[in-house]
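**Q** Pasting in a structure now, in structure tokens, and then I'll have a few things to ask.
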Amino acid sequence: MGLTVIYAVSGIAVNHMHHWNPNYKFQRVEERLQPIPQGDRATMVALAVERLDLPGMPVESFRPNPETLQLFYDGWSVDVDVVAGVALVERPKDRVILRDSNFLHLNHPKGSWTYVADVYAFLLLFLAVSGMFVLKGRTGLTGRGKWFILAGLAVPVIYLIFLRYI
Amino acid sequence: MRNRKIIILTCAALLVALIGSPALALAGKSYGKALTGSDTVEIGELLANPDRYMGKTVRVEGVITGVCEKRGCWMSLGSKGEDFQEIRIKVDDGVIVFPVEAKGKTAVAEGVLAKVEMTMEQTVAYKKHHAEEHGEEFDPASVTEPLVYYQIKGTGAVIR
């Protein structure tokens, strides 16, 4: 039951990866500061820290281009447009349950988890195949059941035909 | 009662095996294949003389300045010693997943240097996607020439 919920919820989450981030949410706050003159990085960092009233010097810093100064703190960062005087403070936050569900669903741990996922997939297969033979008579495989099976097969087959040939 | 004990013991053994497995133990530090031990090339040197390294396996070290927010399918490394020297480590989706919270940490990465030449349409789509991802406004007219850049097709990395 637990695995089915993890796989189903994560399945929906990663299906919509293009619309939203299924692993993190980002808190972004824009702040204004007096533009910083371009010079050596250490001086620019010190000025940015002072003007943005940041909690001490960053762990790391970088200038990807002349106009931008990046400051990295533990778990969050600040991108400063030194010419325009605009800073973007970014704090990523885990979507705790979803992130772990996606981690397992997409088999990112690999190793032993591969075998757990294989066993689960095998059990699902067994459930689907054995389920066809549970009911007998009019509602079973030879009666109404065959139409349900065909309907289940038709959905992906028709979709693929439309996708490839129409 | 006896069956219940067996089930509990089996589950406990499985859990211990999972937690103790090397794949999980390394998670959060090593990504992808183990590093081969080749010499580290400065990012600035790589970008200044790409033809010298094109198609070859290279190792770079730098500060993680950006990570793919949705899939963790790339990270950019900035040179520790030089400003404006930055290169992207691109990995296959899902094969290696770099964590977003790694920004600002130091990474050593290995992979093959490649040149990416985009068409105008690809450049517009790429910049539009980048702007959306960062909540910025995007004007397609601002793209005047196709994007050409170098990146490393990453095979493995260590983040510390």
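FYI, nothing fancy with the structure tokens labels: chains A, B, ... in order, residues from 1 per chain, ligands from 1 as they appear.
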For a quick test of understanding: name the residues of chain A lying within 7 Å of chain B when counting only C-alpha atoms, and present them as a PyMOL selection string.
**A** chain A and resi 17+21+60+62-65+72-73+75+108-112
**Q** Would you kindly return, as a ChimeraX atom specification, each protein, DNA or RNA residue with an atom no farther than 6 Å from any atom of B:Val158, considering only C-alpha atoms and excluding same-chain residues fewer than 3 positions away?
**A** /B:29-30,107-108
**Q** As a PyMOL selection string, list the residues of chain A assigned to helix (DSSP H, G or I) by DSSP on the backbone atoms of this structure.
**A** chain A and resi 2-15+41-51+96-105+112-131+137-139+145-165
**Q** Excluding B:Cys68 and its own-chain neighbours fewer than 6 positions away, which residues fall within 8 Å of it when counting only C-alpha atoms? Please give them as a ChimeraX atom specification.
**A** /B:74-75,98,100
**Q** With distances taken over only C-alpha atoms, which residue among B:Ala131, B:Val112, B:Val67, B:Val41 lies nearest B:Gln151?
**A**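 Counting only C-alpha atoms, the residue closest to B:Gln151 is B:Val112.
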**Q** Would you compute the distance between atom CA of A:Phe133 and atom CA of A:Thr114? Give it in Å to one decimal.
**A** 29.4 Å
**Q** What does the distance from atom CA of A:Val119 to atom CA of A:Met132 come to in Å, to one decimal?
**A**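 Distance between the two atoms: 20.3 Å.
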**Q** Using only C-alpha atoms, can you tell me which of A:Ala128, A:Val29, A:Met57, A:Leu150 comes closest to A:Glu90?
**A**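 When distances to A:Glu90 are compared using only C-alpha atoms, the smallest one comes from A:Val29.
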